[in-house]
file model-v3.csv (CSV, C-alpha atoms)
chain,number,residue,atom,x,y,z
A,1,MET,CA,165.4,123.7,141.7
A,2,THR,CA,168.4,123.5,139.4
A,3,SER,CA,170.6,126.5,138.7
A,4,GLU,CA,169.9,126.5,134.9
A,5,SER,CA,167.2,128.6,133.1
A,6,SER,CA,164.6,126.9,131.0
A,7,SER,CA,166.5,127.9,127.9
A,8,ASP,CA,169.6,126.3,129.2
A,9,VAL,CA,168.0,123.0,130.2
A,10,ALA,CA,167.6,121.9,126.6
A,11,SER,CA,171.4,121.9,126.0
A,12,ASP,CA,171.9,119.5,128.9
A,13,GLN,CA,169.3,117.1,127.6
A,14,VAL,CA,167.7,116.3,130.9
A,15,ASP,CA,166.7,112.6,130.7
A,16,LEU,CA,164.2,111.5,133.3
A,17,SER,CA,164.5,107.9,132.1
A,18,GLU,CA,168.1,107.9,133.4
A,19,ASP,CA,166.9,109.5,136.7
A,20,LEU,CA,164.3,106.7,137.2
A,21,LEU,CA,167.0,104.2,136.4
A,22,ASP,CA,169.3,105.7,139.0
A,23,ASP,CA,166.5,105.7,141.6
A,24,LEU,CA,165.7,102.1,140.8
A,25,SER,CA,169.3,101.0,141.0
A,26,GLU,CA,169.8,102.8,144.3
A,27,ALA,CA,166.7,101.2,145.8
A,28,LEU,CA,167.7,97.8,144.7
A,29,SER,CA,171.3,98.0,145.8
A,30,HIS,CA,170.1,97.3,149.4
A,31,GLU,CA,168.6,94.2,150.8
A,32,LEU,CA,164.9,94.0,150.3
A,33,PRO,CA,162.9,94.5,153.5
A,34,ASN,CA,160.5,91.9,154.8
A,35,GLN,CA,157.6,94.1,153.7
A,36,PRO,CA,157.4,96.2,150.6
A,37,ALA,CA,157.8,100.0,151.1
A,38,HIS,CA,154.4,100.5,149.5
A,39,ALA,CA,152.5,97.6,151.0
A,40,VAL,CA,148.9,97.3,149.8
A,41,ASP,CA,146.0,95.3,151.2
A,42,GLY,CA,145.9,91.7,150.0
A,43,THR,CA,149.7,91.3,149.6
A,44,GLY,CA,150.4,87.8,148.4
A,45,GLN,CA,146.9,87.6,146.8
A,46,ALA,CA,146.9,86.7,143.1
A,47,ILE,CA,145.9,89.5,140.8
A,48,SER,CA,145.6,89.9,137.1
A,49,TYR,CA,148.3,91.3,134.8
A,50,GLU,CA,146.0,94.3,134.2
A,51,GLN,CA,145.8,95.1,137.9
A,52,PHE,CA,149.6,94.6,138.3
A,53,GLY,CA,150.1,97.3,135.6
A,54,VAL,CA,147.7,99.7,137.3
A,55,ASN,CA,149.5,99.1,140.6
A,56,PHE,CA,152.9,99.6,139.0
A,57,ILE,CA,152.0,102.9,137.4
A,58,ARG,CA,150.5,104.4,140.5
A,59,MET,CA,153.2,103.2,142.9
A,60,VAL,CA,156.2,104.2,140.7
A,61,LEU,CA,154.8,107.6,139.6
A,62,HIS,CA,153.7,108.9,143.0
A,63,GLU,CA,153.1,112.5,143.8
A,64,LYS,CA,156.5,113.4,145.2
A,65,ARG,CA,158.3,112.0,142.2
A,66,ILE,CA,156.0,113.8,139.7
A,67,LEU,CA,156.6,117.2,141.5
A,68,GLU,CA,160.3,116.7,141.7
A,69,SER,CA,160.4,115.9,138.0
A,70,ILE,CA,158.5,119.0,137.0
A,71,ASN,CA,160.9,121.1,139.1
A,72,ARG,CA,163.8,119.7,137.2
A,73,LEU,CA,162.2,119.9,133.8
A,74,LEU,CA,161.4,123.6,134.1
A,75,GLY,CA,164.7,124.7,135.5
A,76,GLU,CA,165.1,127.9,137.5
A,77,LYS,CA,163.7,130.8,135.5
A,78,ILE,CA,162.1,132.0,132.3
A,79,GLU,CA,162.5,135.2,130.4
A,80,LEU,CA,159.4,137.1,129.0
A,81,GLY,CA,159.3,139.8,126.4
A,82,PRO,CA,159.7,142.2,125.1
A,83,MET,CA,156.1,142.6,124.2
A,84,GLY,CA,153.7,145.5,123.6
A,85,ALA,CA,151.3,146.4,126.4
A,86,GLY,CA,148.4,148.7,126.9
A,87,PRO,CA,145.9,150.0,124.3
A,88,GLY,CA,146.8,148.5,120.9
A,89,ARG,CA,149.9,147.0,122.5
A,90,LEU,CA,151.6,150.3,121.6
A,91,PHE,CA,151.4,152.2,124.8
A,92,ALA,CA,154.3,150.4,126.6
A,93,THR,CA,156.9,147.7,126.3
A,94,ALA,CA,157.0,145.0,128.9
A,95,ARG,CA,159.8,142.6,129.8
A,96,ALA,CA,160.0,140.2,132.7
A,97,THR,CA,162.1,137.6,134.4
A,98,GLY,CA,160.3,134.9,136.3
A,99,TRP,CA,161.8,132.5,138.9
A,100,PHE,CA,160.1,129.2,139.4
A,101,GLN,CA,159.4,128.3,143.1
A,102,GLU,CA,158.8,124.8,144.5
A,103,THR,CA,155.9,123.2,142.8
A,104,TYR,CA,153.0,121.6,144.7
A,105,GLY,CA,150.0,119.7,143.7
A,106,ASN,CA,147.7,116.8,144.3
A,107,ALA,CA,146.3,113.7,142.6
A,108,VAL,CA,143.1,114.0,140.5
A,109,VAL,CA,140.5,111.3,140.9
A,110,ASP,CA,140.1,109.9,137.4
A,111,ASP,CA,140.3,106.6,135.5
A,112,LEU,CA,143.8,107.6,134.5
A,113,LEU,CA,146.5,108.6,136.9
A,114,ALA,CA,146.5,112.4,136.9
A,115,TYR,CA,147.9,115.3,138.9
A,116,ARG,CA,147.0,118.9,139.3
A,117,VAL,CA,150.4,120.7,139.5
A,118,TYR,CA,150.8,124.3,140.6
A,119,LEU,CA,153.7,126.4,139.5
A,120,PRO,CA,154.4,129.5,141.7
A,121,ILE,CA,156.5,132.0,139.8
A,122,ASP,CA,158.1,135.2,141.3
A,123,VAL,CA,158.2,137.7,138.4
A,124,ASP,CA,160.0,141.0,138.1
A,125,PHE,CA,158.4,143.2,135.4
A,126,GLN,CA,159.9,146.1,133.6
A,127,LEU,CA,157.4,148.5,131.9
A,128,GLU,CA,158.8,151.2,129.6
A,129,ILE,CA,156.4,154.0,128.9
A,130,ALA,CA,157.8,156.9,126.8
A,131,LYS,CA,161.3,156.1,128.0
A,132,ASP,CA,160.1,156.1,131.6
A,133,VAL,CA,161.0,152.7,133.1
A,134,ASN,CA,158.8,151.3,135.9
A,135,HIS,CA,159.6,148.2,137.9
A,136,PHE,CA,157.0,145.8,139.4
A,137,HIS,CA,157.1,142.6,141.3
A,138,ALA,CA,154.3,140.0,140.9
A,139,GLU,CA,153.5,136.6,142.2
A,140,VAL,CA,152.1,134.3,139.6
A,141,LEU,CA,150.4,130.9,140.1
A,142,LEU,CA,150.2,128.8,137.0
A,143,PRO,CA,148.4,125.4,137.1
A,144,LEU,CA,149.1,122.4,134.9
A,145,THR,CA,147.3,119.1,134.5
A,146,LEU,CA,149.6,116.1,134.1
A,147,THR,CA,147.9,112.8,132.9
A,148,VAL,CA,149.8,109.5,132.8
A,149,ARG,CA,149.0,107.1,130.0
A,150,VAL,CA,150.7,104.1,128.4
A,151,GLU,CA,151.7,103.2,124.8
A,152,HIS,CA,152.7,100.0,123.1
A,153,PRO,CA,154.8,98.1,124.0
A,154,LEU,CA,155.9,99.4,127.4
A,155,THR,CA,156.2,103.2,127.3
A,156,ILE,CA,154.8,105.6,130.0
A,157,VAL,CA,153.7,109.0,128.6
A,158,TRP,CA,153.1,112.1,130.6
A,159,ASP,CA,150.6,114.5,128.9
A,160,ILE,CA,151.0,118.0,130.3
A,161,THR,CA,148.1,120.4,129.7
A,162,PRO,CA,148.7,124.1,130.1
A,163,PRO,CA,146.0,126.2,131.9
A,164,GLN,CA,143.3,128.3,130.4
A,165,GLU,CA,143.8,132.1,130.7
A,166,GLU,CA,141.3,132.5,133.5
A,167,GLU,CA,143.1,129.9,135.6
A,168,VAL,CA,146.4,131.9,135.8
A,169,THR,CA,146.6,134.1,138.9
A,170,ILE,CA,148.7,137.3,139.0
A,171,ARG,CA,149.1,139.4,142.1
A,172,VAL,CA,151.1,142.6,141.4
A,173,GLU,CA,152.8,144.4,144.4
A,174,THR,CA,152.3,148.1,143.8
A,175,GLY,CA,152.7,151.4,145.5
A,176,LYS,CA,150.5,154.5,144.7
A,177,ARG,CA,152.6,155.6,141.7
A,178,ARG,CA,152.8,152.0,140.3
A,179,SER,CA,149.1,151.5,140.8
A,180,ALA,CA,148.4,154.7,138.8
A,181,VAL,CA,150.7,153.4,136.0
A,182,LEU,CA,149.0,150.0,135.9
A,183,GLN,CA,145.5,151.7,135.7
A,184,ARG,CA,146.6,153.3,132.5
A,185,LEU,CA,147.5,149.9,131.0
A,186,SER,CA,144.1,148.4,130.6
A,187,GLY,CA,144.2,144.7,129.8
A,188,LEU,CA,147.8,144.3,130.9
A,189,ASP,CA,146.9,141.4,133.3
A,190,ALA,CA,145.2,139.5,130.5
A,191,GLU,CA,148.1,140.1,128.1
A,192,LEU,CA,150.6,138.8,130.8
A,193,ARG,CA,148.4,135.7,131.3
A,194,ARG,CA,148.3,134.9,127.6
A,195,PHE,CA,152.0,135.5,127.3
A,196,LEU,CA,152.9,133.2,130.2
A,197,ILE,CA,150.8,130.5,128.7
A,198,ARG,CA,152.5,130.8,125.4
A,199,VAL,CA,155.9,130.6,127.0
A,200,ILE,CA,154.9,127.4,128.9
A,201,GLU,CA,153.5,125.9,125.8
A,202,LYS,CA,156.7,126.6,123.9
A,203,GLU,CA,158.7,125.1,126.8
A,204,LEU,CA,156.6,121.9,126.8
A,205,ASP,CA,157.1,121.5,123.0
A,206,LYS,CA,160.9,121.3,123.2
A,207,PRO,CA,162.6,118.1,122.3
A,208,HIS,CA,164.1,117.5,125.8
A,209,ILE,CA,160.7,117.7,127.3
A,210,HIS,CA,159.2,115.3,124.8
A,211,LYS,CA,162.0,112.9,125.5
A,212,ALA,CA,161.6,113.2,129.3
A,213,THR,CA,157.8,112.6,129.2
A,214,HIS,CA,158.0,109.4,127.1
A,215,ILE,CA,159.6,106.8,129.3
A,216,ASP,CA,160.6,103.5,127.7
A,217,MET,CA,160.3,101.1,130.7
A,218,ALA,CA,161.7,98.2,128.7
A,219,ALA,CA,164.9,100.0,128.1
A,220,ILE,CA,165.1,101.1,131.7
A,221,ILE,CA,164.5,97.6,133.0
A,222,ASP,CA,167.0,96.1,130.5
A,223,ALA,CA,169.7,98.5,131.8
A,224,ALA,CA,168.9,97.9,135.4
A,225,TRP,CA,168.5,94.1,135.1
A,226,PRO,CA,171.9,93.1,136.7
A,227,VAL,CA,170.9,95.0,139.8
A,228,ILE,CA,167.4,93.6,139.9
A,229,ALA,CA,168.7,90.0,139.4
A,230,ASP,CA,171.0,90.4,142.3
A,231,GLN,CA,167.9,90.6,144.6
A,232,PHE,CA,166.5,87.2,143.8
A,233,LEU,CA,169.3,85.1,142.2
A,234,PRO,CA,172.0,83.4,144.3
A,235,PRO,CA,175.3,85.2,144.3
A,236,GLU,CA,177.8,84.2,141.7
A,237,THR,CA,180.6,82.1,143.2
A,238,GLU,CA,184.1,81.6,141.9
A,239,PRO,CA,184.9,78.1,140.7
A,240,SER,CA,186.7,76.1,143.4
A,241,ALA,CA,190.4,75.8,143.0
A,242,ASP,CA,190.4,72.4,144.7
A,243,THR,CA,190.7,69.4,142.4
A,244,PRO,CA,188.1,66.8,143.3
A,245,SER,CA,189.6,63.6,144.5
A,246,ASP,CA,189.0,60.3,142.6
call {"tool": "encode", "arguments": {"input": "model-v3.csv", "output": "structure tokens"}}
result
Amino acid sequence: MTSESSSDVASDQVDLSEDLLDDLSEALSHELPNQPAHAVDGTGQAISYEQFGVNFIRMVLHEKRILESINRLLGEKIELGPMGAGPGRLFATARATGWFQETYGNAVVDDLLAYRVYLPIDVDFQLEIAKDVNHFHAEVLLPLTLTVRVEHPLTIVWDITPPQEEEVTIRVETGKRRSAVLQRLSGLDAELRRFLIRVIEKELDKPHIHKATHIDMAAIIDAAWPVIADQFLPPETEPSADTPSD
């Protein structure tokens, strides 16, 4: 994870297109091995342009790269609240700070490349009831669905879908006194789930997220072309200083 909060990341304008360019440039700065790193059956066999595009998407945007990108996009923490809690949302005031843990996930079998990504969040809650402040710690698991699609002429788009309320898991660590307090706050779990989803939706709607999830591959390849060309073109040689004899 980075050291910035979600609110700070926007100011840094995280650009995953540049990250992919760096990865591509680093990979191509070495001699190509005899076999490709992601060898597939039928290497050397002629395939259609369409199949090449499918292979390209699935080999470039593999699970590890997707998860690392989500970690960087979200930053380190989120701030929640203040918000009303309990009956009529008037009984208590809740605030919370959540720290994103390492994401994990898996590919989803579908016609489009898609991943189910799980965001573990450690959350410290503060509940103020009639000037009595209570502190709680909770473990939250928030799932996202990330689907990869393409747009004309050569743009890769990541569609990130927030979870439904019932998909969010909250486990609150409580003692006897804290448990009694929570029992008085009927519906608090549901309110926290809805609030977490709203926060994630707001994060995903920020300009830097939109920029990072719309990857212009033509621009990336144009910028990386000198490095790519070095892999298959002969090295440039300096003109000979010798004057040819008559």
call {"tool": "atom_distance", "arguments": {"input": "model-v3.csv", "atom1": "atom CA of A:Asp132", "atom2": "atom CA of A:Arg171"}}
result
22.6 Å
call {"tool": "residues_around", "arguments": {"input": "model-v3.csv", "residues": "A:Leu196", "least_positions_apart": "6", "cutoff": "12 Å", "atoms": "only C-alpha atoms", "output": "VMD selection string"}}
result
chain A and resid 78 to 81 83 95 to 98 119 121 123 140 to 143 162 to 165 167 to 170 189 to 190 202 to 203
call {"tool": "residues_near_point", "arguments": {"input": "model-v3.csv", "point": "(155.2, 108.1, 129.9)", "cutoff": "12 Å", "atoms": "all atoms listed in the file", "output": "PyMOL selection string"}}
result
chain A and resi 16-17+20+57+60-61+66+113-114+146-160+209-218
call {"tool": "atom_distance", "arguments": {"input": "model-v3.csv", "atom1": "atom CA of A:Val172", "atom2": "atom CA of A:Leu74"}}
result
22.8 Å
call {"tool": "atom_distance", "arguments": {"input": "model-v3.csv", "atom1": "atom CA of A:Glu76", "atom2": "atom CA of A:Glu102"}}
result
9.9 Å
call {"tool": "closest_residue", "arguments": {"input": "model-v3.csv", "among": "A:Asp110, A:Thr103, A:Ala130, A:Tyr115", "to": "A:Leu73", "atoms": "only C-alpha atoms"}}
result
A:Thr103
